[in-house]
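S.K.: Here it is, the structure in full.
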Amino acid sequence: MSDDATFMLDGRPIRFVAGQSILEAATAAGTFIPNLCHHPEFKPHGSCKLCTVKVNGRASSACTTRARAGQEVASDTPELNRHRRTLLQMLFVEGNHFCPGCEKSGNCRLQALAYDLEMLNPHYEHFYPPRPIDASHPDVLIDFNRCILCALCVRASRDVDGKSVFALAGRGTAQHLVVDCPSGKLGDSDFAMTDKAAAVCPVGAILPKRVGFSVPIGERTFDVEPISAHAAHAAETRG
Amino acid sequence: MRHVAPTPPRRKLRVATASLAGCFGCHMSFLDIDERLLDLIDLVEFDRSPITDIKHCGPCDIGIIEGGVCNAENVHVLWELRANCKVLVALGACAVNGGLPAQRNHLDVGRCLTRVYRDRAGAAVPDDPELPLLLDKVRPLNEVVRIDFFIPGCPPSGDAIWKYLTDLISGRMPRLEHPMLHFD
Amino acid sequence: MTTNEAALDTVLADLLARHGRDPGRLLQILLDVQARFARVPPEAVPKLAAALCLPIGEVESTVEFYSFLSRTSVGEYRVLFSDNITDRMLGNLTIFDHMAKRLGVRAGEVSDDGLVSLDTTSCTGMCDQGPAILVNGIAVTRMTLRRADQVCELIRSRVPVAEWPADFFRVDHNIRRADMLLAADFTPGSALKAAIGLGRDRFLEEMRISNLRGRGGAGFTTAVKWEAARNAAGDERYIVCNADEGEPGTFKDRVLLQYYPERVFEGMALAAYVIGARHGLLYLRGEYLYLRPRLEEKLTELRALGVLGRSIFGVDDFAFDIEIHMGAGAYVCGEETALIESLEGKAGRPRIRPPFPVTSGYRGRPTVVNNVETLAKVSEIALNGGAWYRGYGTRQSTGTKILSVSGDCARPGIYEYPFGVRISQVLEDCGARRPRAVQISGASGQCLTPREFGRRIAFEDVPTAGALMIFGDHRDMFEVALNFARFFRHESCGFCTPCRVGTTIQAKIMDKIAAGHGTQYEMNELEHLHEVMRTASHCGLGQTAGQAIADTITEFRGDYEKRLARKDFEPAFDLDAALDRARDITGRDDADSRLVDEGWHARETTR
């Protein structure tokens, strides 16, 4: 790679490979840019907007913006972090996120980002939407209360599992996850525990049944280290 | 845990605490600051609180409230503390986002009452004015009164409470970071 | 199998055959299903999914996205009141309430006998002749209480909409000022022949010289767009005419499509000639359904004239035809990538750009999406040349711009001016007496006050997609902002967090202020929300959803402040009303069963 294949992220040079997004390049370099709907194995979606950065002064999603030589990217700034906190608060009030009763607590990326950005409360009036759970599948539970509409399961099921079990339907805050079968119940779909879609939910919306507290609260991934440090360590491991 | 000796204020601060729709777990966690209670007692004195058993509060510097708002009585207690405390602290998950009690929010409160009293017990739904009426939804404190500070957690650890309160008492902007910031 | 299901199967089989079992035509099929059954029956969803080889979830996704599709019945007669601020100013709510009472139906509900439903909808583009309604998708203009009574009577007597008095459906052009486009005669085919005479490259050069810029608002240079699409790799190319004129207060495309359709279609053919497209798609907003039959006829005429078809005007490799796709009540589809998604039969969620449509658009092929007005202007350049065209307007904004003028003025309607016209000139021409403010370019545009009326309509000064709504000195600008806030909440597609949640929170706060429960706290929240939505939203909808509020707070703060409670905090909800349900069940009415917020200030002072 030539020396000019770098851009500046918060004043530090980041090397990149042609075709990488700003988020991918930063992640590879061990610099964390907050994100929720991104997953390295899938096409970027760009909907959560947590990774919003300023590229040469213009706001754009780091996950969908190609890295280019000489870009000046600002990410870890008080202003952008304030926006991110607001976006997290929006996600918290939009659904029903009660961490103490959630098996994902401690491994949840939404929660971990809230910790990282020091979000102390959800701030806005809660919507408290009524969202019944779907326990029809023998192995997997869907708790729609916690769904943040990141479409990772949609992409995993469509692009990896080749099943398209999930889709997002509805408009505005009525948007919700739907299951591909006439009854709309996961148990009636061809979803399987071994599907990629069963393993990508960043929050506690898609959870395996009969697994509870095998790792105690307090010892889980983001209890042990903040999500930003975790991302940096993961980059080191990949080396 | 590093023991930070708080800067003592010029006079002892008056603190009130209350538990609304919660489980008292946050108060128990408060007591978990253990021997630091002795430090705390040099800095503050307690007004209305389950600890003192004082039923109504007078002018205070800090009000600490555990639990969400589920009924009319909760609202009155909250109003009383808001009226008397210079700053109000929402303590714990229920105070911050409604918590576990708020998981009833998708149910119709009228149907709940009818189910429990009329259908199951064959009795009338009680109309005793002594019983606080239920709100249609359980709400976090900040949707009812202005709240100045939030300590999330179910419960927040004694360390987190100690850190936050000593920041506050010493006049520092209180901060909670990893690993003390917890929602569970 | 029940008879109903048999009937459904028959209808679906017929529709599927007519639409060539093309999954890309899903939305068009669903619109036909809706028209036939007054809803999309739940059983139809898996059947369509199977027939079109689509996942059920994807069909659901489309069904639930569009306002004009519904899962439950909307009655034999679906009455939708256009609810733009201009309709409000013309008294649409009084008429709405009157009709609700007469028909015995509540807002958003269907009458018990399943005959009629009544609801509001986003601006239907009849601002110069409102209040307007849609009855089974067809526009009825100039509503009055008397006309409302007549409509109620026709509905009660179950008279088919096709047999209603023609005057109800009269849509006037209200052209008040015609300039180079609207005043000129046009012979279909003439522009295309002229361009063919020049050849593709020289005509594109003329386009470049003209510096024609997109009239949809963004102002992208048309020639550059065309050239990019022409040079992009692809086995097929498409021309899309964006006739999803959803911006509240805008109706100039409607007039162009109704009175100058050959200009628009020929513009599409000209673009096709340059970039080598064989297929054109006109995406017509659902609210303009009434235009469709006439547009189809016009297409037939143009085919007969040889403007459309194979070997057009003797050019061997020039074949082009146009197909009309209907929208279904989704403002966001005016965004070009959302529009393309919708053309493909999907929910209209804006795509990630890049890639831009010019390289990967409709069905992944190079696609040019141009606004109706832009395409209408193309024929002028073909006929008269780029240099001539550049003689009009300003250097950066050449040619003329058609404005849709509505609100408080004597002569609302269509005004065509060379770019560079001062707003004060427009106001004088339309007879606006003592305007307090002008909302430029619709709900997503900017709000200007009299001290800015000397500014010019031009990309370099006040850019606009064409709407100019005038508010007289008796108008309350908070009401305007409130109307827009509710509009954006309804229209947010839900794709990205800031817009999906932000528009809802914003509208809630505006409702709270409207109810007299707002405080300075809410004012600060509005400003912060706008900042976050503007910075982080995926598309223009969210980026501009707080603009009108921000503008009116700056310019008309008093209209907000007079509504604010004299407190520093008000609860998020009505505390006493939150006890209603429990009070009702317990039958209590004692003092303790009430939460009268005498306010903690009051308590403090009495202590």
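Identifiers for the structure tokens are assigned positionally: chains receive A, B, ... in sequence, residues are indexed from 1 per chain, and ligands are indexed from 1 in the order shown.
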Would you give me, as a PyMOL selection string, the residues of chain C that come within 8 Å of chain A, using only C-alpha atoms?

M.R.: chain C and resi 45-46+55-58+60-66+352+489-498+500-502+504-505+532+535-538+572

S.K.: Pull C-alpha atoms from the residues just selected and write them as a tab-separated table (two decimals), in the first residue's frame.

M.R.:
```
chain	number	residue	atom	x	y	z
C	45	VAL	CA	-50.56	-11.67	0.78
C	46	PRO	CA	-49.25	-15.27	0.79
C	55	PRO	CA	-40.96	-13.83	0.41
C	56	ILE	CA	-44.19	-13.08	2.26
C	57	GLY	CA	-42.28	-10.59	4.36
C	58	GLU	CA	-41.44	-8.56	1.32
C	60	GLU	CA	-46.06	-7.39	3.77
C	61	SER	CA	-43.35	-4.78	3.68
C	62	THR	CA	-44.89	-3.15	0.61
C	63	VAL	CA	-48.48	-3.49	1.85
C	64	GLU	CA	-47.71	-1.80	5.15
C	65	PHE	CA	-45.61	0.98	3.71
C	66	TYR	CA	-48.10	2.87	1.59
C	352	ILE	CA	-27.60	4.23	0.08
C	489	ARG	CA	-44.14	12.19	11.50
C	490	HIS	CA	-46.64	10.63	9.10
C	491	GLU	CA	-44.27	10.55	6.16
C	492	SER	CA	-40.99	9.40	7.72
C	493	CYS	CA	-40.19	6.08	6.09
C	494	GLY	CA	-38.69	4.72	9.31
C	495	PHE	CA	-35.42	3.57	7.82
C	496	CYS	CA	-33.01	5.61	9.89
C	497	THR	CA	-33.10	6.28	13.61
C	498	PRO	CA	-32.93	10.09	13.69
C	500	ARG	CA	-37.98	7.71	12.40
C	501	VAL	CA	-37.86	8.53	16.09
C	502	GLY	CA	-36.97	12.19	15.79
C	504	THR	CA	-42.25	11.43	16.21
C	505	ILE	CA	-40.67	13.06	19.26
C	532	VAL	CA	-29.50	15.77	15.24
C	535	THR	CA	-26.87	16.01	10.72
C	536	ALA	CA	-27.58	12.32	10.94
C	537	SER	CA	-30.63	11.55	8.80
C	538	HIS	CA	-30.28	9.32	5.77
C	572	ALA	CA	-44.74	14.53	29.62
```

S.K.: Considering only C-alpha atoms, extract the chain A residues located within 10 Å of chain B and return them as an NGL selection string.

M.R.: :A and (92-93 or 96-102 or 105-106 or 111-112 or 114-126 or 128-132 or 217-218 or 222-227)

S.K.: Taking only C-alpha atoms into account, which residues of chain B are within 8 Å of chain C, as a list in words?

M.R.: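 In the required form, that comes to Ala72, Trp79, Glu80, Arg82, Ala83, Asn84, Val109, Gly110, Leu113, Thr114, Val125, Pro126, Asp127, Pro129, Pro132, Leu133, Leu134, Leu135, Asp136, Lys137, Asn142, Glu143, Val144, Val145 and Arg146 of chain B.
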
S.K.: What's the 8 Å shell around stretch 434-442 of chain C, counting only C-alpha atoms, without same-chain residues fewer than 4 positions away, as a VMD selection string?

M.R.: chain C and resid 217 247 to 250 408 446 to 450 463 to 475

S.K.: Enumerate as a ChimeraX atom specification all residues of stretch 350-599 of chain C assigned to helix (DSSP H, G or I) by DSSP on the backbone, naming them with the chain letters and numbers the document uses.

M.R.: /C:362-364,372-384,386-390,423-430,450-452,477-491,497-514,520-536,540-544,547-555,557-561,577-586,591-593,599

S.K.: Identify, with DSSP run on backbone atoms, the residues in chain B assigned to strand (DSSP E or B), and express the list as a PyMOL selection string.

M.R.: chain B and resi 13-19+21+44-46+49+54+60-66+68-71+85-91+134-139+149-151

S.K.: Could you list, as a ChimeraX atom specification, every residue within 12 Å of C:Glu479, counting only C-alpha atoms and ignoring same-chain residues fewer than 4 positions away?

M.R.: /C:84-86,88-89,471,474-475,483-486,510-511,513-515,548-549,552-553,556,559-560,563

S.K.: Find the spatial neighbours of stretch 287-296 of chain C, counting only C-alpha atoms, within a cut-off of 8 Å - ignore same-chain residues fewer than 2 positions away - and output them as a list in words.

M.R.: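 With the cut-off at 8 Å, the set is Thr124, Gly125, Leu134, Gly137, Ile138, Ala139, Arg254, Leu257, Gln258, Pro261, Leu284, Arg285, Lys298, Leu299, Thr300, Ile324, Met326, Ala328 and Gly329 of chain C.
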
S.K.: State, in Å with one decimal place, the distance from atom CA of C:Glu206 to atom CA of C:Ile381.

M.R.: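 Result for atom CA of C:Glu206 versus atom CA of C:Ile381: 7.1 Å, one decimal.
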
S.K.: Rounded to one decimal, what separation in Å do you get between atom CA of B:Leu91 and atom CA of B:Ile64?

M.R.: 6.4 Å

S.K.: If I take atom CA of C:Arg208 and atom CA of C:Tyr389, how far is one from the other in Å, to one decimal?

M.R.: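 About the pair atom CA of C:Arg208 and atom CA of C:Tyr389: they are 10.8 Å apart.
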
S.K.: Near C:Tyr260, within 9 Å and counting only C-alpha atoms, which residues show up once chain neighbours fewer than 6 positions away are dropped, as a list in words?

M.R.: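 Once the adjacent positions are removed, what remains is Leu182, Phe186 and Ala376 of chain C.
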
S.K.: For A:Ala5, which of A:Pro40, A:Val55, A:Gly70, A:Ala62 is the closest residue, counting only C-alpha atoms?

M.R.: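 For A:Ala5, the nearest of the candidates is A:Gly70.
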